[in-house]
Structures are given as structure tokens and as C-alpha cells.
Amino acid sequence: MAILRYILSILAATLLTGCYEDFSPEIDTKPVLCLNSLITAGEPIEVKVSHTWMFNDEKGKSNHEVTDASITILANERIVGSDYLPKEGDKIRIMTESPTYGSAMAEVTVPYATPIGKVKFTPVVTNIWKGDEDFFHYQMLADITFNLNIEMDVNDPARTNNYYHFGYDWFSGAWSNDWDDNLVDSRPDPFAIGTFEYDAEPIFREHVGVFETVMGNGEDTDFVFFTDRQFPGRTYTLHLNFTNNTFNIENETYDESLLECGMTLYLTTVSESYYNWAVYKWNVDEGITGDLSDIGLAESKWGYSNVSTGAGVVAAQASAKYTIDLKEFLEKTINQSKRIR
């Protein structure tokens, strides 16, 4: 990518030499309301209202707050309060009006969470060090590095176009309190996830076009949105590889709770508006169109919006999750490994 951008910048400099002129454009346009909201099933709806500004409006850039806007939220054509918790399948409409900037409206349907099907995980130890408890005076003393290969089935519902986002988190067993209370909170968690290998799952690159693939865009990316276009109404298996995960433990007494580590996998079904916005952001930040527009060889990509004013995005999501328990793997690995003095 760096080489490509260098070549394009040289080309742009060659083509555009002598073609620049200072000017101050006068564009007859007024600021309009910008409406943003990410609606999550089961959580209160938060709406952010601001206004647009011209690229040369430094005041608007630094402060685009709208203080005189009224907001109305409708769920299934019924006005609801700020404490309403949206449900899967709800049609949410957000309307806002400002005496200064006019009105804006957007609507979205909260998707149904797609259940996670079968999950298979395979940990592969790549390195282990284990201390001798008689020599080091610790009953738990080990340092393990391992890869984690996961296969997760997505059971796509039929007769609907679905859009997805993958996410993950991890958790560690709590440190015991048996040696120095002052140091307990300062010690790092024993378990940490290493590197997520995005390239292991090709569907994360389905939004990348042929030309962008040839030019190298999409090779190094952290884009984890995808659709069901390749498997409508069927089951698709995501291949999720995590490398260089670590488990490091040193405890004077044996504490089984320290082995209670694992991962939580999230399959979030998102609205079409959320997916479209994510693809737009990828094109601007990582796509070939963004690279060309940065150096003046292409027009900037028009921003995506589903708001009536053309500014902002109202999206919705609903999540399913699956927890992977690594306790048995860690316990077996430590107990079967050879002690080292």
C-alpha cells in the first residue's frame, strides 16, 4: 500500500503541475440538521443532533451543537419516551426539528438477532514454560503461548437480506489475594488474546472489488462486516484464527479460579444502513477511491446517509453471543507439561 500511494502521488504531481489556482468558492447552501443514532435491541435509544458546516467554516467545525432541537421517537408508529427499550422487529422513526436548522427524519427496523450455531475451537500450544514448585515456591507457575482456531456457524434466516458484524472479547480468572494486597490490582490479567488473523476468513473481504484487490487494497484490514449474499437462508462457517494468545500465572497457592478464562464471540445482525455506512467508511479510509481522491485523481466519495437531510446515519443492531471456556484446556496443559527448574 505504501508503494502504491507513493507511485500515485508522483503521478498526481506530474499531471497536476501548473493546474492549481487559489479561489474562494461561494456556495449557496445552508446548514442542515445531522441526525445520528445506533439503536440496540434492549437498550435505551440515544440520539445525537448536530448541524452541517462548510469546509471553510472554522467556527462550525469546532462547535456544531444544536441547542434548540426537539426530538420525537416513534416505535411502530407510537410515540415513546426516552426510557423505551426497543425490541427486535420494532420500526423506529426519529424526528427532530430546530427553528434554526429546520427538520430531519430517519427510520430503521431493529433486526432480529441471528443465532450462533455450532462452535468448534482448537487450541494449539506453541510454547510453554513451567516452573518447579519446590524450587520456585509457587504452586502455580507457568507461561503458555498458544493459537486458537475457531469455527463458528452462522445460521442465516431465509427470505430476508441480512447484514452482520463479528466481534469478540475475552475474560480472565481473578487473581487470588494470598500474598500482597497492595499488588493484587496492579498485576495484569493472566490471559490475553493475541492477534486476530482477519485473512483467515475470506467473507470479511467480500466488499473488496476486483480492481481494489489487484491494487492491494483489502489485504491489511480489520473490516469484520459481511452479508448473507453468498449463503442466503443457509449455514456459513466462519473461520476465526487467533495467534499468540498468552496465559501467564504465578501464584503461591493453587487457585482453580485463575484458570477460569475464555472468550465471548458476538454475532451482531445489523441494519442495512449500518452496513452501508461501514462500507462507505472503508472505501474512504482504506479503499482505492479514498487513495485516489486524497491526491486529486478522483472525486471524493459522497458520504452515506439515510437521514432526510442527507446528513447522518440512523442504524440498528441485535446481538447473539457464545462463550468459549478455556479452563479445561489450560488445566490439562499445565498438569501434563514437564516442570523446568
# chains A, B, ... in the order shown; residues from 1 in each chain; ligands from 1
call {"tool": "residues_around", "arguments": {"residues": "Ala41 (chain A)", "least_positions_apart": "2", "cutoff": "6 Å", "atoms": "only C-alpha atoms", "output": "list in words"}}
result
Glu43, Pro86, Lys87, Glu88 and Ala318 of chain A
call {"tool": "closest_residue", "arguments": {"among": "A:Val108, A:Val270, A:Val80, A:Val47", "to": "Asn161 (chain A)", "atoms": "only C-alpha atoms"}}
result
A:Val270
call {"tool": "closest_residue", "arguments": {"among": "A:Asp199, A:Thr227, A:Thr246, A:Gly117", "to": "Leu265 (chain A)", "atoms": "only C-alpha atoms"}}
result
A:Gly117
call {"tool": "closest_residue", "arguments": {"among": "A:Gly167, A:Pro190, A:Gly81, A:Gly89", "to": "Glu250 (chain A)", "atoms": "only C-alpha atoms"}}
result
A:Pro190
call {"tool": "select_by_dssp", "arguments": {"residues": "region 38-170 of chain A", "states": "strand (DSSP E or B)", "output": "PyMOL selection string"}}
result
chain A and resi 38-40+48-51+65+70-75+78-80+91-98+102-109+116-131+140-155+163-170
call {"tool": "atom_distance", "arguments": {"atom1": "CA of Cys261 (chain A)", "atom2": "CA of Asn127 (chain A)"}}
result
18.2 Å
call {"tool": "decode", "arguments": {"residues": "region 93-135 of chain A", "atoms": "C-alpha atoms", "output": "mmCIF file, in the first residue's frame"}}
result
data_model
loop_
_atom_site.group_PDB
_atom_site.id
_atom_site.type_symbol
_atom_site.label_atom_id
_atom_site.label_comp_id
_atom_site.auth_asym_id
_atom_site.auth_seq_id
_atom_site.Cartn_x
_atom_site.Cartn_y
_atom_site.Cartn_z
ATOM 1 C CA ARG A 93 -38.658 6.552 13.454
ATOM 2 C CA ILE A 94 -36.732 9.527 14.789
ATOM 3 C CA MET A 95 -37.893 13.072 14.003
ATOM 4 C CA THR A 96 -36.176 16.254 15.080
ATOM 5 C CA GLU A 97 -36.938 19.908 14.435
ATOM 6 C CA SER A 98 -34.999 23.088 15.032
ATOM 7 C CA PRO A 99 -36.173 26.679 14.449
ATOM 8 C CA THR A 100 -32.630 27.462 13.299
ATOM 9 C CA TYR A 101 -31.752 24.488 11.084
ATOM 10 C CA GLY A 102 -35.091 23.012 10.037
ATOM 11 C CA SER A 103 -36.181 19.389 10.398
ATOM 12 C CA ALA A 104 -34.751 15.896 9.841
ATOM 13 C CA MET A 105 -36.198 12.394 9.911
ATOM 14 C CA ALA A 106 -34.952 8.840 9.601
ATOM 15 C CA GLU A 107 -36.316 5.390 10.284
ATOM 16 C CA VAL A 108 -34.905 1.916 10.722
ATOM 17 C CA THR A 109 -36.150 -1.525 11.685
ATOM 18 C CA VAL A 110 -34.371 -3.270 14.530
ATOM 19 C CA PRO A 111 -33.162 -6.593 13.083
ATOM 20 C CA TYR A 112 -33.704 -9.968 14.704
ATOM 21 C CA ALA A 113 -30.534 -11.451 16.166
ATOM 22 C CA THR A 114 -29.298 -14.410 14.137
ATOM 23 C CA PRO A 115 -28.481 -17.330 16.431
ATOM 24 C CA ILE A 116 -24.977 -18.723 16.532
ATOM 25 C CA GLY A 117 -24.882 -22.369 15.541
ATOM 26 C CA LYS A 118 -22.234 -24.970 16.277
ATOM 27 C CA VAL A 119 -18.898 -23.684 17.550
ATOM 28 C CA LYS A 120 -15.707 -25.738 17.424
ATOM 29 C CA PHE A 121 -12.454 -24.435 18.887
ATOM 30 C CA THR A 122 -8.981 -25.954 18.735
ATOM 31 C CA PRO A 123 -6.189 -24.548 20.914
ATOM 32 C CA VAL A 124 -2.647 -25.342 19.736
ATOM 33 C CA VAL A 125 0.211 -24.767 22.177
ATOM 34 C CA THR A 126 3.220 -23.096 20.549
ATOM 35 C CA ASN A 127 5.333 -22.501 23.636
ATOM 36 C CA ILE A 128 5.206 -23.369 27.335
ATOM 37 C CA TRP A 129 7.368 -22.762 30.366
ATOM 38 C CA LYS A 130 6.501 -24.269 33.730
ATOM 39 C CA GLY A 131 8.400 -23.721 36.967
ATOM 40 C CA ASP A 132 9.117 -26.327 39.620
ATOM 41 C CA GLU A 133 7.040 -25.532 42.706
ATOM 42 C CA ASP A 134 9.682 -26.979 45.044
ATOM 43 C CA PHE A 135 12.338 -24.716 43.582
#
